[in-house]
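K.L.:
If you scroll down you'll find the structure; I have some questions about it.
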Amino acid sequence: MVNFLINKLPGYFEPTLTIRRKHLVNFFLALLLTFIIHKVIVAIVTVKIPIFGFHDIVDIQNPKEMPPLRPDFQSDYSQQDLEVFLDYLVSHNYWFMSTQELYDYYLSNPRKPIPAEHRYQKKVMVTFDDGYKSVYTHLLPILEKLEKKYGKKAKVILFINPAFMGRHGTVLDKANCQELREGFQKGFYDLQSHGLNHENLTTISFKSLERELAESQIQLRKCTQGLDGIETVASHIAYPYGAVNKEVEKSVAKYYLSGYLYNSLTFSLSFFKPQSYYISRLTVNKKHSVGHLENMAAGGWLRNLIRTYIKVIE
């Protein structure tokens with residue numbers, strides 16, 4: 001550090017330097033040190049959990065799933081890149097958190113203690129909206145393959161519109177109840193609500209809002225009847241279009257423990273009371289490379305350095 005200062009700030013060590021210049025240099029050095037300390041403290045006290053939001057998964061090696069045979073959507077993500085990304089997360093020992101685990105360990109009051117085996121793991125949540133058929137045909141085989149390869153189970157969150165389960169669309173088909181039950185029973189799916197009909201909850205009547213929330217929960221739990229003894233299914237919701245306001249939040253709180261946005265931000269917890277009904281998610285689309293997703297999951301070099309240091313001293 002001394003050599004650095006001598007080389008970069010030689011004038012500082014000249015005897016002819018005025019007192020005013022010395023004070024100015026000292027001020028900027030103190031400012032820099034304060035900034036570094038602030039960054040370190042914030043990184044220590046802030047919990048950041050990247051929650052990735054995907055939609056439909058396409059096999060780019062299958063001509064039937066590519067234009068002109070299938071329309072091209074910005075929210076699509078390739079099955080091939082998804083497998084590479086999930087492989088990275090599993091092989092680097094990420095904790096694939098469920099919606100109930102996030103609530104129990106970080107949002108509830110009082111919070112449950114984090115299990116010892118997860119205490120120093122990097123945390124991640126991987127979500128898929130709308131319940132497309134591809135979560136069964138493309139995603140489930142990847143999860144089964146990774147479990148066989150690493151002996152670890154990666155759980156993903158599916159936000160489902162139960163009114164559309166099993167529906168054959170003009171463009172995209174939706175997974176049916178039996179397919180969702182299979183993934184849930186195998187321990188790969190965390191099934192949660194996305195509203196009954198994918199309505200913008202902020203623009204419909206109060207009666208319609210209550211129906212969207214209540215019926216979605218009823219139908220999803222009916223679908224998984226006999227498999228979900230503690231009723232974790234449909235205990236949390238992702239707002240269609242990410243749309244929520246205070247009135248919607250008030251109604252949602254009657255049925256669900258937490259609510260998820262779609263605002264391209266990393267979910268963060270610090271000193272303040274957590275906003276259980278405003279949980280941030282990272283928007284994922286075809287423009288995001290695997291490397292970019294890996295960087296977002298890693299959370300930056302400073303946070304990783306601090307995590308490693310704390311683990312070593314304990």
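In the structure tokens, chains take letters A, B, ... by order of appearance, with residues numbered from 1 within each chain and ligands from 1 in the order shown.
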Give me every helix (DSSP H, G or I) residue in region 117-158 of chain A, going by DSSP on the backbone, as a PyMOL selection string.
P.N.:
chain A and resi 117-118+134-150
K.L.:
If you keep N, CA, C and O atoms, can you produce a file of those selected residues as a short mmCIF file (atom, residue, chain, number, x, y, z; two decimals), in the first residue's frame?
P.N.:
```cif
data_model
loop_
_atom_site.label_atom_id
_atom_site.label_comp_id
_atom_site.auth_asym_id
_atom_site.auth_seq_id
_atom_site.Cartn_x
_atom_site.Cartn_y
_atom_site.Cartn_z
N GLU A 117 -26.86 -27.54 6.95
CA GLU A 117 -26.33 -27.94 5.65
C GLU A 117 -26.52 -26.86 4.58
O GLU A 117 -25.89 -26.90 3.52
N HIS A 118 -27.38 -25.87 4.86
CA HIS A 118 -27.62 -24.80 3.89
C HIS A 118 -26.97 -23.47 4.30
O HIS A 118 -27.03 -22.52 3.52
N SER A 134 -43.83 -27.49 -21.83
CA SER A 134 -42.39 -27.72 -21.85
C SER A 134 -41.80 -27.96 -20.46
O SER A 134 -40.71 -28.51 -20.35
N VAL A 135 -42.50 -27.56 -19.40
CA VAL A 135 -41.96 -27.85 -18.06
C VAL A 135 -41.97 -29.35 -17.79
O VAL A 135 -41.23 -29.84 -16.93
N TYR A 136 -42.81 -30.06 -18.54
CA TYR A 136 -42.86 -31.52 -18.43
C TYR A 136 -42.01 -32.20 -19.50
O TYR A 136 -41.23 -33.11 -19.21
N THR A 137 -42.13 -31.75 -20.74
CA THR A 137 -41.43 -32.41 -21.84
C THR A 137 -39.95 -32.05 -21.92
O THR A 137 -39.13 -32.87 -22.34
N HIS A 138 -39.58 -30.83 -21.53
CA HIS A 138 -38.20 -30.36 -21.68
C HIS A 138 -37.48 -30.18 -20.34
O HIS A 138 -36.30 -30.54 -20.21
N LEU A 139 -38.18 -29.60 -19.37
CA LEU A 139 -37.54 -29.29 -18.09
C LEU A 139 -37.38 -30.51 -17.19
O LEU A 139 -36.29 -30.74 -16.64
N LEU A 140 -38.41 -31.28 -17.02
CA LEU A 140 -38.35 -32.43 -16.12
C LEU A 140 -37.24 -33.41 -16.49
O LEU A 140 -36.51 -33.88 -15.60
N PRO A 141 -37.05 -33.75 -17.78
CA PRO A 141 -35.94 -34.63 -18.13
C PRO A 141 -34.56 -34.07 -17.75
O PRO A 141 -33.66 -34.83 -17.36
N ILE A 142 -34.40 -32.74 -17.83
CA ILE A 142 -33.14 -32.13 -17.41
C ILE A 142 -32.92 -32.34 -15.92
O ILE A 142 -31.83 -32.71 -15.48
N LEU A 143 -33.95 -32.09 -15.12
CA LEU A 143 -33.84 -32.23 -13.67
C LEU A 143 -33.53 -33.67 -13.28
O LEU A 143 -32.73 -33.93 -12.38
N GLU A 144 -34.17 -34.62 -13.96
CA GLU A 144 -33.90 -36.04 -13.68
C GLU A 144 -32.48 -36.42 -14.09
O GLU A 144 -31.80 -37.18 -13.38
N LYS A 145 -32.01 -35.88 -15.19
CA LYS A 145 -30.65 -36.15 -15.66
C LYS A 145 -29.61 -35.61 -14.68
O LYS A 145 -28.62 -36.27 -14.37
N LEU A 146 -29.84 -34.40 -14.17
CA LEU A 146 -28.91 -33.80 -13.23
C LEU A 146 -28.88 -34.56 -11.90
O LEU A 146 -27.83 -34.70 -11.27
N GLU A 147 -30.04 -35.04 -11.46
CA GLU A 147 -30.07 -35.83 -10.23
C GLU A 147 -29.26 -37.11 -10.40
O GLU A 147 -28.51 -37.51 -9.49
N LYS A 148 -29.39 -37.74 -11.54
CA LYS A 148 -28.63 -38.97 -11.81
C LYS A 148 -27.14 -38.68 -11.90
O LYS A 148 -26.30 -39.47 -11.44
N LYS A 149 -26.79 -37.53 -12.46
CA LYS A 149 -25.38 -37.15 -12.66
C LYS A 149 -24.69 -36.76 -11.36
O LYS A 149 -23.54 -37.15 -11.10
N TYR A 150 -25.38 -35.99 -10.51
CA TYR A 150 -24.74 -35.43 -9.32
C TYR A 150 -25.28 -36.00 -8.01
O TYR A 150 -24.73 -35.72 -6.94
#
```
K.L.:
Write out as an NGL selection string which residues come within 7 Å of Asp59 (chain A) when counting only C-alpha atoms, dropping same-chain ones fewer than 6 positions away.
P.N.:
:A and (65 or 78-80)
K.L.:
From the options A:Tyr277, A:Phe206, A:Phe54, A:Tyr77, which residue's atoms come nearest to Val126 (chain A), counting only C-alpha atoms?
P.N.:
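Distance minimum relative to Val126 (chain A) lands on A:Phe54.
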K.L.:
Give me the residues near region 66-70 of chain A as an MDAnalysis selection string, where near means some atom within 12 Å (using only C-alpha atoms) and where sequence neighbours in that chain fewer than 3 positions away do not count.
P.N.:
chainID A and resid 57:63 73 76:78 170:173
K.L.:
May I have the residues from that selection written out with C-alpha atoms, as a tab-separated table (two decimals), in the first residue's frame?
P.N.:
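Below is the file that was written, out31.tsv:
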```
chain	number	residue	atom	x	y	z
A	57	ILE	CA	-38.61	-23.69	-22.94
A	58	VAL	CA	-37.88	-24.51	-26.59
A	59	ASP	CA	-35.71	-27.18	-28.17
A	60	ILE	CA	-33.78	-25.21	-30.78
A	61	GLN	CA	-32.64	-28.46	-32.38
A	62	ASN	CA	-36.24	-29.38	-33.18
A	63	PRO	CA	-37.48	-27.61	-36.37
A	73	PHE	CA	-41.39	-15.19	-28.43
A	76	ASP	CA	-38.54	-18.13	-24.75
A	77	TYR	CA	-35.38	-19.81	-23.49
A	78	SER	CA	-33.59	-22.70	-25.14
A	170	THR	CA	-53.49	-22.32	-30.77
A	171	VAL	CA	-49.74	-21.91	-30.32
A	172	LEU	CA	-48.56	-23.31	-26.99
A	173	ASP	CA	-49.96	-26.21	-24.98
```
K.L.:
Of the candidates A:Tyr94, A:Tyr103, A:Phe164, A:Phe184, which shows the shortest atom-to-atom distance to Ser258 (chain A), using only C-alpha atoms?
P.N.:
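Closest candidate: A:Tyr103.
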K.L.:
Record the distance separating CA of Asn245 (chain A) and CA of Tyr278 (chain A), expressed in Å with one decimal.
P.N.:
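Separation between CA of Asn245 (chain A) and CA of Tyr278 (chain A): 9.8 Å.
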K.L.:
What does the structure give for the distance between CA of Lys155 (chain A) and CA of Leu257 (chain A), in Å to one decimal?
P.N.:
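Distance between the two atoms: 19.4 Å.
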K.L.:
Counting only C-alpha atoms, what is within 9 Å of Gln100 (chain A), bar same-chain residues fewer than 4 positions away, as a ChimeraX atom specification?
P.N.:
/A:104-105,190,232,235-236,257
K.L.:
Kindly give the distance, in Å, that separates CA of Val248 (chain A) and CA of Tyr189 (chain A), rounded to a single decimal.
P.N.:
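Here the two named atoms are 26.4 Å from each other.
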K.L.:
Given the choices A:Gly291, A:Pro113, A:Gly131, A:Gly299, which gets closest to Leu82 (chain A) if the distance is worked out from only C-alpha atoms?
P.N.:
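Of all the options, A:Gly291 lies closest to Leu82 (chain A).
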K.L.:
May I ask which of the residues A:Lys273, A:Lys48, A:His292, A:His168 is the closest one to Met125 (chain A), counting only C-alpha atoms?
P.N.:
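The answer is A:Lys48, which sits nearest to Met125 (chain A).
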K.L.:
From the options A:Arg181, A:Lys222, A:Lys174, A:Lys122, which residue's atoms come nearest to Pro50 (chain A), counting only C-alpha atoms?
P.N.:
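Of all the options, A:Lys122 lies closest to Pro50 (chain A).
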K.L.:
Could you pull out the strand (DSSP E) residues of region 130-236 of chain A from DSSP and send them as a ChimeraX atom specification?
P.N.:
/A:156-160,189-193,236
K.L.:
Name all residues at most 12 Å from Tyr255 (chain A) (count only C-alpha atoms; drop same-chain ones fewer than 3 positions away) and give them as a VMD selection string.
P.N.:
chain A and resid 192 to 193 195 209 to 218 233 to 237 248 to 252 258 to 259 277
K.L.:
Store the residues of this selection in a file with N, CA and C atoms, as a PDB file, in the first residue's frame.
P.N.:
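Contents of out26.pdb, as written:
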```pdb
ATOM      1  N   GLN A 192     -47.137 -23.468  -7.384  1.00  0.00           N
ATOM      2  CA  GLN A 192     -47.721 -22.283  -6.774  1.00  0.00           C
ATOM      3  C   GLN A 192     -48.644 -21.570  -7.763  1.00  0.00           C
ATOM      4  N   SER A 193     -49.366 -20.599  -7.272  1.00  0.00           N
ATOM      5  CA  SER A 193     -50.417 -19.945  -8.047  1.00  0.00           C
ATOM      6  C   SER A 193     -49.884 -18.801  -8.918  1.00  0.00           C
ATOM      7  N   GLY A 195     -52.607 -17.051 -10.361  1.00  0.00           N
ATOM      8  CA  GLY A 195     -53.958 -16.614 -10.633  1.00  0.00           C
ATOM      9  C   GLY A 195     -54.694 -17.675 -11.435  1.00  0.00           C
ATOM     10  N   LEU A 209     -61.432 -10.526  -8.558  1.00  0.00           N
ATOM     11  CA  LEU A 209     -60.143 -10.683  -7.884  1.00  0.00           C
ATOM     12  C   LEU A 209     -60.201 -11.811  -6.867  1.00  0.00           C
ATOM     13  N   GLU A 210     -61.237 -11.808  -6.049  1.00  0.00           N
ATOM     14  CA  GLU A 210     -61.372 -12.861  -5.044  1.00  0.00           C
ATOM     15  C   GLU A 210     -61.487 -14.239  -5.701  1.00  0.00           C
ATOM     16  N   ARG A 211     -62.196 -14.318  -6.811  1.00  0.00           N
ATOM     17  CA  ARG A 211     -62.332 -15.594  -7.505  1.00  0.00           C
ATOM     18  C   ARG A 211     -60.996 -16.040  -8.092  1.00  0.00           C
ATOM     19  N   GLU A 212     -60.253 -15.118  -8.689  1.00  0.00           N
ATOM     20  CA  GLU A 212     -58.944 -15.451  -9.256  1.00  0.00           C
ATOM     21  C   GLU A 212     -58.014 -16.042  -8.200  1.00  0.00           C
ATOM     22  N   LEU A 213     -58.068 -15.492  -7.005  1.00  0.00           N
ATOM     23  CA  LEU A 213     -57.166 -15.929  -5.937  1.00  0.00           C
ATOM     24  C   LEU A 213     -57.648 -17.223  -5.292  1.00  0.00           C
ATOM     25  N   ALA A 214     -58.921 -17.265  -4.929  1.00  0.00           N
ATOM     26  CA  ALA A 214     -59.446 -18.415  -4.193  1.00  0.00           C
ATOM     27  C   ALA A 214     -59.544 -19.658  -5.064  1.00  0.00           C
ATOM     28  N   GLU A 215     -60.092 -19.521  -6.275  1.00  0.00           N
ATOM     29  CA  GLU A 215     -60.285 -20.681  -7.145  1.00  0.00           C
ATOM     30  C   GLU A 215     -58.954 -21.269  -7.606  1.00  0.00           C
ATOM     31  N   SER A 216     -57.967 -20.402  -7.813  1.00  0.00           N
ATOM     32  CA  SER A 216     -56.643 -20.894  -8.194  1.00  0.00           C
ATOM     33  C   SER A 216     -56.081 -21.805  -7.114  1.00  0.00           C
ATOM     34  N   GLN A 217     -56.198 -21.376  -5.886  1.00  0.00           N
ATOM     35  CA  GLN A 217     -55.708 -22.180  -4.764  1.00  0.00           C
ATOM     36  C   GLN A 217     -56.480 -23.488  -4.640  1.00  0.00           C
ATOM     37  N   ILE A 218     -57.791 -23.416  -4.740  1.00  0.00           N
ATOM     38  CA  ILE A 218     -58.638 -24.611  -4.619  1.00  0.00           C
ATOM     39  C   ILE A 218     -58.290 -25.639  -5.692  1.00  0.00           C
ATOM     40  N   VAL A 233     -48.580 -26.465  -1.482  1.00  0.00           N
ATOM     41  CA  VAL A 233     -49.048 -26.092  -2.826  1.00  0.00           C
ATOM     42  C   VAL A 233     -49.990 -24.897  -2.731  1.00  0.00           C
ATOM     43  N   ALA A 234     -49.816 -23.970  -3.658  1.00  0.00           N
ATOM     44  CA  ALA A 234     -50.694 -22.791  -3.747  1.00  0.00           C
ATOM     45  C   ALA A 234     -50.753 -22.014  -2.435  1.00  0.00           C
ATOM     46  N   SER A 235     -49.613 -21.901  -1.769  1.00  0.00           N
ATOM     47  CA  SER A 235     -49.503 -21.050  -0.586  1.00  0.00           C
ATOM     48  C   SER A 235     -48.841 -19.717  -0.919  1.00  0.00           C
ATOM     49  N   HIS A 236     -48.371 -19.587  -2.156  1.00  0.00           N
ATOM     50  CA  HIS A 236     -47.672 -18.384  -2.611  1.00  0.00           C
ATOM     51  C   HIS A 236     -48.128 -18.090  -4.037  1.00  0.00           C
ATOM     52  N   ILE A 237     -47.966 -16.854  -4.461  1.00  0.00           N
ATOM     53  CA  ILE A 237     -48.480 -16.448  -5.772  1.00  0.00           C
ATOM     54  C   ILE A 237     -47.481 -15.539  -6.478  1.00  0.00           C
ATOM     55  N   VAL A 248     -54.886  -5.158  -4.077  1.00  0.00           N
ATOM     56  CA  VAL A 248     -54.595  -6.550  -4.442  1.00  0.00           C
ATOM     57  C   VAL A 248     -53.833  -7.239  -3.312  1.00  0.00           C
ATOM     58  N   GLU A 249     -52.859  -6.546  -2.757  1.00  0.00           N
ATOM     59  CA  GLU A 249     -52.077  -7.117  -1.652  1.00  0.00           C
ATOM     60  C   GLU A 249     -52.988  -7.520  -0.494  1.00  0.00           C
ATOM     61  N   LYS A 250     -53.959  -6.673  -0.177  1.00  0.00           N
ATOM     62  CA  LYS A 250     -54.873  -6.961   0.934  1.00  0.00           C
ATOM     63  C   LYS A 250     -55.661  -8.238   0.683  1.00  0.00           C
ATOM     64  N   SER A 251     -56.127  -8.429  -0.538  1.00  0.00           N
ATOM     65  CA  SER A 251     -56.868  -9.646  -0.871  1.00  0.00           C
ATOM     66  C   SER A 251     -55.951 -10.858  -0.930  1.00  0.00           C
ATOM     67  N   VAL A 252     -54.790 -10.687  -1.505  1.00  0.00           N
ATOM     68  CA  VAL A 252     -53.830 -11.794  -1.618  1.00  0.00           C
ATOM     69  C   VAL A 252     -53.471 -12.340  -0.243  1.00  0.00           C
ATOM     70  N   SER A 258     -47.082 -15.169   0.524  1.00  0.00           N
ATOM     71  CA  SER A 258     -46.160 -14.230  -0.116  1.00  0.00           C
ATOM     72  C   SER A 258     -46.549 -14.034  -1.567  1.00  0.00           C
ATOM     73  N   GLY A 259     -46.034 -12.951  -2.180  1.00  0.00           N
ATOM     74  CA  GLY A 259     -46.334 -12.630  -3.567  1.00  0.00           C
ATOM     75  C   GLY A 259     -45.077 -12.231  -4.316  1.00  0.00           C
ATOM     76  N   TYR A 277     -44.969  -9.504   0.169  1.00  0.00           N
ATOM     77  CA  TYR A 277     -45.838  -9.510  -1.008  1.00  0.00           C
ATOM     78  C   TYR A 277     -45.266  -8.697  -2.169  1.00  0.00           C
TER      79      TYR A 277
END
```
